[in-house]
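Next up, upload.tsv (TSV, N, CA and C atoms):
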```tsv
chain	number	residue	atom	x	y	z
A	1	MET	N	9.59	11.97	21.59
A	1	MET	CA	10.72	11.14	21.92
A	1	MET	C	11.97	12.02	21.81
A	2	SER	N	12.85	11.89	22.77
A	2	SER	CA	14.06	12.70	22.75
A	2	SER	C	14.96	12.30	21.60
A	3	SER	N	15.77	13.24	21.16
A	3	SER	CA	16.67	13.01	20.04
A	3	SER	C	17.63	11.87	20.34
A	4	MET	N	18.18	11.82	21.54
A	4	MET	CA	19.15	10.77	21.90
A	4	MET	C	18.49	9.39	21.91
A	5	LYS	N	17.28	9.28	22.46
A	5	LYS	CA	16.60	8.00	22.50
A	5	LYS	C	16.25	7.55	21.08
A	6	TYR	N	15.78	8.48	20.26
A	6	TYR	CA	15.42	8.21	18.87
A	6	TYR	C	16.64	7.68	18.11
A	7	LEU	N	17.78	8.35	18.26
A	7	LEU	CA	19.00	7.92	17.58
A	7	LEU	C	19.50	6.60	18.13
A	8	GLY	N	19.30	6.35	19.42
A	8	GLY	CA	19.72	5.08	20.01
A	8	GLY	C	18.96	3.90	19.42
A	9	ILE	N	17.67	4.07	19.20
A	9	ILE	CA	16.86	3.02	18.60
A	9	ILE	C	17.37	2.71	17.19
A	10	PHE	N	17.63	3.76	16.42
A	10	PHE	CA	18.12	3.56	15.06
A	10	PHE	C	19.52	2.97	15.05
A	11	ALA	N	20.34	3.30	16.03
A	11	ALA	CA	21.69	2.73	16.09
A	11	ALA	C	21.62	1.22	16.26
A	12	ILE	N	20.72	0.76	17.10
A	12	ILE	CA	20.56	-0.68	17.30
A	12	ILE	C	20.08	-1.35	16.02
A	13	LEU	N	19.07	-0.78	15.40
A	13	LEU	CA	18.51	-1.38	14.20
A	13	LEU	C	19.47	-1.32	13.02
A	14	THR	N	20.11	-0.19	12.83
A	14	THR	CA	20.98	-0.05	11.68
A	14	THR	C	22.26	-0.84	11.83
A	15	SER	N	22.62	-1.26	13.03
A	15	SER	CA	23.80	-2.11	13.17
A	15	SER	C	23.60	-3.40	12.39
A	16	CYS	N	22.37	-3.81	12.21
A	16	CYS	CA	22.07	-5.00	11.43
A	16	CYS	C	22.25	-4.77	9.94
A	17	LEU	N	22.38	-3.53	9.52
A	17	LEU	CA	22.56	-3.22	8.10
A	17	LEU	C	23.95	-2.67	7.83
A	18	ASN	N	24.89	-2.91	8.72
A	18	ASN	CA	26.26	-2.45	8.57
A	18	ASN	C	26.37	-0.93	8.54
A	19	VAL	N	25.56	-0.25	9.30
A	19	VAL	CA	25.65	1.21	9.39
A	19	VAL	C	26.25	1.55	10.74
A	20	GLY	N	27.42	1.03	11.02
A	20	GLY	CA	28.08	1.33	12.27
A	20	GLY	C	28.13	0.19	13.25
A	21	GLY	N	27.93	-1.02	12.82
A	21	GLY	CA	28.00	-2.14	13.75
A	21	GLY	C	28.14	-3.45	13.01
A	22	PRO	N	28.18	-4.55	13.75
A	22	PRO	CA	28.36	-5.86	13.12
A	22	PRO	C	27.13	-6.23	12.29
A	23	ALA	N	27.37	-6.95	11.24
A	23	ALA	CA	26.27	-7.35	10.35
A	23	ALA	C	25.46	-8.45	10.99
A	24	CYS	N	24.16	-8.30	11.02
A	24	CYS	CA	23.29	-9.39	11.45
A	24	CYS	C	22.15	-9.57	10.48
A	25	ALA	N	22.21	-8.87	9.34
A	25	ALA	CA	21.20	-9.04	8.31
A	25	ALA	C	21.86	-8.93	6.95
A	26	GLN	N	21.41	-9.77	6.03
A	26	GLN	CA	21.88	-9.62	4.67
A	26	GLN	C	21.11	-8.49	4.01
A	27	GLN	N	21.65	-7.98	2.92
A	27	GLN	CA	20.94	-6.94	2.19
A	27	GLN	C	19.58	-7.48	1.78
A	28	PRO	N	18.55	-6.64	1.85
A	28	PRO	CA	17.22	-7.10	1.47
A	28	PRO	C	17.15	-7.41	-0.01
A	29	ASN	N	16.24	-8.28	-0.36
A	29	ASN	CA	16.04	-8.57	-1.77
A	29	ASN	C	14.55	-8.66	-2.05
A	30	SER	N	14.20	-8.37	-3.28
A	30	SER	CA	12.80	-8.46	-3.68
A	30	SER	C	12.43	-9.92	-3.83
A	31	SER	N	11.20	-10.21	-3.55
A	31	SER	CA	10.72	-11.57	-3.74
A	31	SER	C	9.20	-11.52	-3.82
A	32	ALA	N	8.65	-12.65	-4.07
A	32	ALA	CA	7.21	-12.77	-4.03
A	32	ALA	C	6.76	-12.62	-2.58
A	33	ASP	N	5.49	-12.59	-2.38
A	33	ASP	CA	4.89	-12.47	-1.06
A	33	ASP	C	5.49	-13.54	-0.14
A	34	PRO	N	6.18	-13.14	0.96
A	34	PRO	CA	6.81	-14.14	1.82
A	34	PRO	C	5.82	-15.03	2.53
A	35	THR	N	4.58	-14.61	2.64
A	35	THR	CA	3.58	-15.47	3.28
A	35	THR	C	3.22	-16.64	2.36
A	36	GLN	N	3.57	-16.54	1.08
A	36	GLN	CA	3.29	-17.60	0.11
A	36	GLN	C	4.54	-18.39	-0.25
A	37	ASN	N	5.68	-18.06	0.35
A	37	ASN	CA	6.95	-18.70	0.03
A	37	ASN	C	7.06	-20.01	0.80
A	38	LYS	N	6.94	-21.13	0.10
A	38	LYS	CA	6.96	-22.44	0.74
A	38	LYS	C	8.33	-22.79	1.29
A	39	GLN	N	9.39	-22.15	0.79
A	39	GLN	CA	10.74	-22.46	1.24
A	39	GLN	C	11.23	-21.51	2.32
A	40	LEU	N	10.41	-20.61	2.79
A	40	LEU	CA	10.82	-19.62	3.77
A	40	LEU	C	11.37	-20.31	5.01
A	41	GLY	N	12.65	-20.09	5.30
A	41	GLY	CA	13.28	-20.63	6.49
A	41	GLY	C	13.59	-22.11	6.44
A	42	THR	N	13.53	-22.75	5.26
A	42	THR	CA	13.73	-24.20	5.22
A	42	THR	C	15.00	-24.63	4.52
A	43	THR	N	15.71	-23.75	3.85
A	43	THR	CA	16.93	-24.15	3.16
A	43	THR	C	18.08	-24.26	4.14
A	44	ALA	N	19.13	-24.94	3.75
A	44	ALA	CA	20.29	-25.10	4.63
A	44	ALA	C	20.89	-23.76	4.99
A	45	ALA	N	20.90	-22.80	4.05
A	45	ALA	CA	21.49	-21.48	4.30
A	45	ALA	C	20.71	-20.70	5.34
A	46	THR	N	19.41	-20.95	5.46
A	46	THR	CA	18.60	-20.17	6.39
A	46	THR	C	18.12	-21.01	7.57
A	47	LEU	N	18.66	-22.22	7.73
A	47	LEU	CA	18.20	-23.11	8.78
A	47	LEU	C	18.30	-22.47	10.16
A	48	ASN	N	19.38	-21.74	10.45
A	48	ASN	CA	19.56	-21.13	11.75
A	48	ASN	C	19.25	-19.64	11.76
A	49	LYS	N	18.66	-19.14	10.71
A	49	LYS	CA	18.36	-17.72	10.61
A	49	LYS	C	16.89	-17.54	10.30
A	50	LEU	N	16.41	-16.34	10.52
A	50	LEU	CA	15.01	-16.03	10.25
A	50	LEU	C	14.93	-15.04	9.10
A	51	ILE	N	13.89	-15.19	8.30
A	51	ILE	CA	13.64	-14.27	7.19
A	51	ILE	C	12.44	-13.41	7.59
A	52	LEU	N	12.63	-12.09	7.50
A	52	LEU	CA	11.55	-11.16	7.77
A	52	LEU	C	11.20	-10.46	6.46
A	53	GLY	N	9.97	-10.62	6.03
A	53	GLY	CA	9.49	-9.96	4.83
A	53	GLY	C	8.75	-8.69	5.21
A	54	PHE	N	8.81	-7.69	4.32
A	54	PHE	CA	8.12	-6.43	4.61
A	54	PHE	C	7.77	-5.71	3.31
A	55	ARG	N	6.74	-4.89	3.38
A	55	ARG	CA	6.36	-4.02	2.27
A	55	ARG	C	5.46	-2.91	2.79
A	56	MET	N	5.34	-1.85	2.00
A	56	MET	CA	4.41	-0.77	2.25
A	56	MET	C	3.93	-0.29	0.89
A	57	LEU	N	2.69	-0.58	0.58
A	57	LEU	CA	2.17	-0.29	-0.75
A	57	LEU	C	2.05	1.20	-1.03
A	58	ASP	N	1.54	1.95	-0.08
A	58	ASP	CA	1.28	3.38	-0.29
A	58	ASP	C	2.35	4.24	0.39
A	59	TRP	N	2.51	5.45	-0.10
A	59	TRP	CA	3.45	6.39	0.50
A	59	TRP	C	3.02	6.72	1.93
A	60	LYS	N	3.99	6.85	2.80
A	60	LYS	CA	3.74	7.29	4.18
A	60	LYS	C	4.65	8.48	4.45
A	61	ALA	N	4.12	9.47	5.16
A	61	ALA	CA	4.90	10.66	5.50
A	61	ALA	C	5.23	10.65	6.98
A	62	LYS	N	6.44	11.09	7.31
A	62	LYS	CA	6.87	11.19	8.70
A	62	LYS	C	7.52	12.55	8.89
A	63	HIS	N	7.07	13.28	9.90
A	63	HIS	CA	7.58	14.60	10.25
A	63	HIS	C	8.66	14.40	11.31
A	64	VAL	N	9.92	14.80	11.01
A	64	VAL	CA	11.03	14.59	11.93
A	64	VAL	C	11.68	15.94	12.23
A	65	ASN	N	11.76	16.29	13.51
A	65	ASN	CA	12.32	17.58	13.91
A	65	ASN	C	13.84	17.60	13.99
A	66	GLU	N	14.46	16.49	14.37
A	66	GLU	CA	15.91	16.45	14.52
A	66	GLU	C	16.57	16.06	13.20
A	67	PRO	N	17.47	16.92	12.67
A	67	PRO	CA	18.10	16.62	11.37
A	67	PRO	C	18.86	15.29	11.35
A	68	GLU	N	19.59	14.98	12.42
A	68	GLU	CA	20.36	13.74	12.44
A	68	GLU	C	19.43	12.53	12.47
A	69	ALA	N	18.35	12.61	13.22
A	69	ALA	CA	17.39	11.50	13.28
A	69	ALA	C	16.75	11.29	11.91
A	70	ALA	N	16.44	12.37	11.20
A	70	ALA	CA	15.86	12.27	9.85
A	70	ALA	C	16.84	11.59	8.90
A	71	LYS	N	18.12	11.97	9.02
A	71	LYS	CA	19.16	11.40	8.17
A	71	LYS	C	19.30	9.90	8.41
A	72	VAL	N	19.34	9.50	9.68
A	72	VAL	CA	19.52	8.09	10.04
A	72	VAL	C	18.30	7.28	9.60
A	73	HIS	N	17.10	7.81	9.83
A	73	HIS	CA	15.88	7.10	9.44
A	73	HIS	C	15.83	6.92	7.92
A	74	ALA	N	16.14	7.99	7.18
A	74	ALA	CA	16.14	7.91	5.72
A	74	ALA	C	17.17	6.90	5.22
A	75	GLU	N	18.36	6.90	5.81
A	75	GLU	CA	19.42	5.97	5.40
A	75	GLU	C	19.03	4.53	5.71
A	76	THR	N	18.40	4.30	6.85
A	76	THR	CA	17.94	2.96	7.20
A	76	THR	C	16.94	2.46	6.17
A	77	LEU	N	15.95	3.30	5.85
A	77	LEU	CA	14.93	2.90	4.87
A	77	LEU	C	15.54	2.70	3.49
A	78	ARG	N	16.49	3.54	3.13
A	78	ARG	CA	17.16	3.40	1.83
A	78	ARG	C	17.91	2.07	1.76
A	79	LYS	N	18.61	1.72	2.83
A	79	LYS	CA	19.35	0.45	2.85
A	79	LYS	C	18.41	-0.76	2.81
A	80	LEU	N	17.20	-0.58	3.28
A	80	LEU	CA	16.20	-1.64	3.20
A	80	LEU	C	15.62	-1.77	1.80
A	81	GLY	N	15.93	-0.81	0.93
A	81	GLY	CA	15.45	-0.85	-0.44
A	81	GLY	C	14.18	-0.06	-0.68
A	82	CYS	N	13.82	0.81	0.25
A	82	CYS	CA	12.61	1.62	0.12
A	82	CYS	C	12.85	2.84	-0.77
A	83	GLU	N	11.79	3.35	-1.35
A	83	GLU	CA	11.83	4.61	-2.07
A	83	GLU	C	11.69	5.72	-1.03
A	84	ILE	N	12.51	6.77	-1.14
A	84	ILE	CA	12.54	7.85	-0.15
A	84	ILE	C	12.41	9.19	-0.86
A	85	GLU	N	11.59	10.06	-0.31
A	85	GLU	CA	11.55	11.47	-0.69
A	85	GLU	C	11.81	12.26	0.58
A	86	ASN	N	12.73	13.21	0.50
A	86	ASN	CA	13.18	13.96	1.68
A	86	ASN	C	12.98	15.45	1.40
A	87	LEU	N	12.17	16.13	2.21
A	87	LEU	CA	11.92	17.55	2.04
A	87	LEU	C	12.22	18.27	3.35
A	88	GLU	N	13.24	19.13	3.32
A	88	GLU	CA	13.61	19.91	4.51
A	88	GLU	C	13.03	21.31	4.36
A	89	HIS	N	12.30	21.76	5.40
A	89	HIS	CA	11.72	23.10	5.39
A	89	HIS	C	11.29	23.49	6.79
A	90	ALA	N	11.26	24.76	7.04
A	90	ALA	CA	10.76	25.33	8.30
A	90	ALA	C	11.37	24.65	9.53
A	91	GLY	N	12.66	24.29	9.46
A	91	GLY	CA	13.34	23.72	10.61
A	91	GLY	C	13.08	22.27	10.90
A	92	HIS	N	12.46	21.55	9.98
A	92	HIS	CA	12.24	20.12	10.18
A	92	HIS	C	12.32	19.40	8.83
A	93	THR	N	12.21	18.09	8.88
A	93	THR	CA	12.26	17.27	7.67
A	93	THR	C	10.99	16.46	7.55
A	94	ASP	N	10.43	16.44	6.36
A	94	ASP	CA	9.33	15.55	6.04
A	94	ASP	C	9.89	14.44	5.18
A	95	LEU	N	9.80	13.21	5.67
A	95	LEU	CA	10.21	12.03	4.91
A	95	LEU	C	8.97	11.36	4.36
A	96	ARG	N	9.02	11.02	3.09
A	96	ARG	CA	7.97	10.20	2.48
A	96	ARG	C	8.66	8.93	2.01
A	97	TYR	N	8.04	7.79	2.26
A	97	TYR	CA	8.66	6.53	1.88
A	97	TYR	C	7.62	5.48	1.58
A	98	ARG	N	8.04	4.51	0.78
A	98	ARG	CA	7.21	3.35	0.48
A	98	ARG	C	8.09	2.23	-0.03
A	99	CYS	N	7.53	1.04	-0.04
A	99	CYS	CA	8.23	-0.14	-0.51
A	99	CYS	C	7.15	-1.07	-1.06
A	100	PRO	N	6.71	-0.83	-2.30
A	100	PRO	CA	5.54	-1.56	-2.81
A	100	PRO	C	5.77	-3.04	-3.09
A	101	GLU	N	7.01	-3.45	-3.29
A	101	GLU	CA	7.32	-4.86	-3.53
A	101	GLU	C	7.80	-5.48	-2.22
A	102	TRP	N	7.51	-6.76	-2.03
A	102	TRP	CA	8.01	-7.46	-0.86
A	102	TRP	C	9.53	-7.48	-0.89
A	103	LYS	N	10.14	-7.17	0.24
A	103	LYS	CA	11.59	-7.27	0.45
A	103	LYS	C	11.80	-8.22	1.61
A	104	GLN	N	13.02	-8.72	1.75
A	104	GLN	CA	13.35	-9.62	2.85
A	104	GLN	C	14.70	-9.25	3.45
A	105	ILE	N	14.81	-9.46	4.75
A	105	ILE	CA	16.11	-9.41	5.40
A	105	ILE	C	16.26	-10.69	6.20
A	106	GLU	N	17.48	-11.18	6.23
A	106	GLU	CA	17.80	-12.39	6.97
A	106	GLU	C	18.39	-11.98	8.31
A	107	LEU	N	17.85	-12.52	9.39
A	107	LEU	CA	18.27	-12.15	10.74
A	107	LEU	C	18.73	-13.38	11.51
A	108	PRO	N	19.65	-13.20	12.45
A	108	PRO	CA	20.28	-14.36	13.11
A	108	PRO	C	19.44	-15.04	14.18
A	109	ASN	N	18.43	-14.33	14.72
A	109	ASN	CA	17.68	-14.93	15.83
A	109	ASN	C	16.31	-14.26	15.99
A	110	HIS	N	15.48	-14.83	16.86
A	110	HIS	CA	14.14	-14.32	17.09
A	110	HIS	C	14.15	-12.91	17.67
A	111	ASP	N	15.09	-12.64	18.56
A	111	ASP	CA	15.16	-11.32	19.17
A	111	ASP	C	15.37	-10.24	18.11
A	112	ALA	N	16.33	-10.45	17.23
A	112	ALA	CA	16.59	-9.49	16.15
A	112	ALA	C	15.37	-9.38	15.23
A	113	ALA	N	14.75	-10.51	14.91
A	113	ALA	CA	13.57	-10.50	14.04
A	113	ALA	C	12.44	-9.70	14.66
A	114	HIS	N	12.22	-9.88	15.97
A	114	HIS	CA	11.13	-9.16	16.63
A	114	HIS	C	11.43	-7.66	16.74
A	115	LYS	N	12.70	-7.29	16.96
A	115	LYS	CA	13.06	-5.87	16.99
A	115	LYS	C	12.82	-5.22	15.64
A	116	TRP	N	13.25	-5.90	14.58
A	116	TRP	CA	13.03	-5.36	13.24
A	116	TRP	C	11.55	-5.33	12.90
A	117	GLN	N	10.81	-6.36	13.26
A	117	GLN	CA	9.38	-6.39	12.97
A	117	GLN	C	8.67	-5.26	13.70
A	118	ASP	N	9.03	-5.02	14.95
A	118	ASP	CA	8.45	-3.93	15.72
A	118	ASP	C	8.75	-2.58	15.08
A	119	TYR	N	10.02	-2.37	14.71
A	119	TYR	CA	10.42	-1.12	14.06
A	119	TYR	C	9.63	-0.90	12.76
A	120	LEU	N	9.56	-1.94	11.92
A	120	LEU	CA	8.88	-1.81	10.64
A	120	LEU	C	7.38	-1.62	10.81
A	121	ASN	N	6.78	-2.34	11.75
A	121	ASN	CA	5.34	-2.16	12.00
A	121	ASN	C	5.03	-0.75	12.49
A	122	LYS	N	5.85	-0.23	13.40
A	122	LYS	CA	5.64	1.13	13.89
A	122	LYS	C	5.82	2.16	12.78
A	123	ALA	N	6.66	1.85	11.80
A	123	ALA	CA	6.87	2.76	10.67
A	123	ALA	C	5.78	2.62	9.62
A	124	GLY	N	4.84	1.67	9.83
A	124	GLY	CA	3.71	1.52	8.92
A	124	GLY	C	3.82	0.39	7.91
A	125	PHE	N	4.84	-0.46	8.03
A	125	PHE	CA	5.04	-1.55	7.09
A	125	PHE	C	4.17	-2.76	7.44
A	126	GLU	N	3.84	-3.53	6.43
A	126	GLU	CA	3.25	-4.85	6.59
A	126	GLU	C	4.43	-5.80	6.71
A	127	THR	N	4.41	-6.71	7.66
A	127	THR	CA	5.54	-7.62	7.85
A	127	THR	C	5.06	-9.07	7.92
A	128	ALA	N	5.97	-9.99	7.64
A	128	ALA	CA	5.68	-11.41	7.75
A	128	ALA	C	6.97	-12.16	8.02
A	129	HIS	N	6.94	-13.06	8.99
A	129	HIS	CA	8.08	-13.97	9.20
A	129	HIS	C	7.58	-15.24	9.83
A	130	GLU	N	8.36	-16.29	9.64
A	130	GLU	CA	8.02	-17.60	10.19
A	130	GLU	C	8.98	-17.94	11.33
A	131	HIS	N	8.48	-18.68	12.28
A	131	HIS	CA	9.30	-19.16	13.40
A	131	HIS	C	9.78	-20.56	13.10
```

Give the structure from the file, written as structure tokens.
Amino acid sequence: MSSMKYLGIFAILTSCLNVGGPACAQQPNSSADPTQNKQLGTTAATLNKLILGFRMLDWKAKHVNEPEAAKVHAETLRKLGCEIENLEHAGHTDLRYRCPEWKQIELPNHDAAHKWQDYLNKAGFETAHEH
């Protein structure tokens, strides 16, 4: 994937975390398994918003050649509350990350929820959300 396309994808996603754009997600918070949360999406505060839960039990490594793309990806995962290890060597970056506890982000609509779910699934996360 080209560097510009890679950064463009992250720009769209990170705009939801206030990394250069309007907020469309609240900061993630730890919670119990969202698939077992009986109140998921039912309170007045979340009536018009969607909750996306995510976790990754084991460490995952990602080899990133572009320094800026590695920085943006690491910052996105950090803002989501993930543990990050960053090793730069031989002209590239190896990112290791995990998120063993369930986290949640609140999103304004199905489109945003599906974009985030797609991003997180491609990055190796387990995800859950209700419609």

Exercise. Mind pulling up the distance from atom C of Ile84 in chain A to atom C of Lys115 in chain A?
Worked result: 21.9 Å

Problem set entry | Surrounding residues of range 50-56 of chain A excluding itself and chain neighbours under 5 positions, 7 Å, only N, CA and C atoms, as a ChimeraX atom specification | /A:34,40-41,97-110,113,124-130

Exercise. Which of these, A:Ala69, A:Leu57, A:Ala123, A:Ala74, has the shortest distance to Leu95 in chain A once you count only C-alpha atoms?
Worked result: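 Of all the options, A:Ala74 lies closest to Leu95 in chain A.
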
For this session: Calculate how many Å separate atom C of Asn65 in chain A from CA of Asp111 in chain A, rounding to one decimal.
Result: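 Between atom C of Asn65 in chain A and CA of Asp111 in chain A the gap is 29.4 Å.
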
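Restricting the calculation to only C-alpha atoms, the smallest distance between His63 in chain A and any of A:Ala112, A:Thr93, A:Thr76, A:Asp118 is found for A:Thr93.
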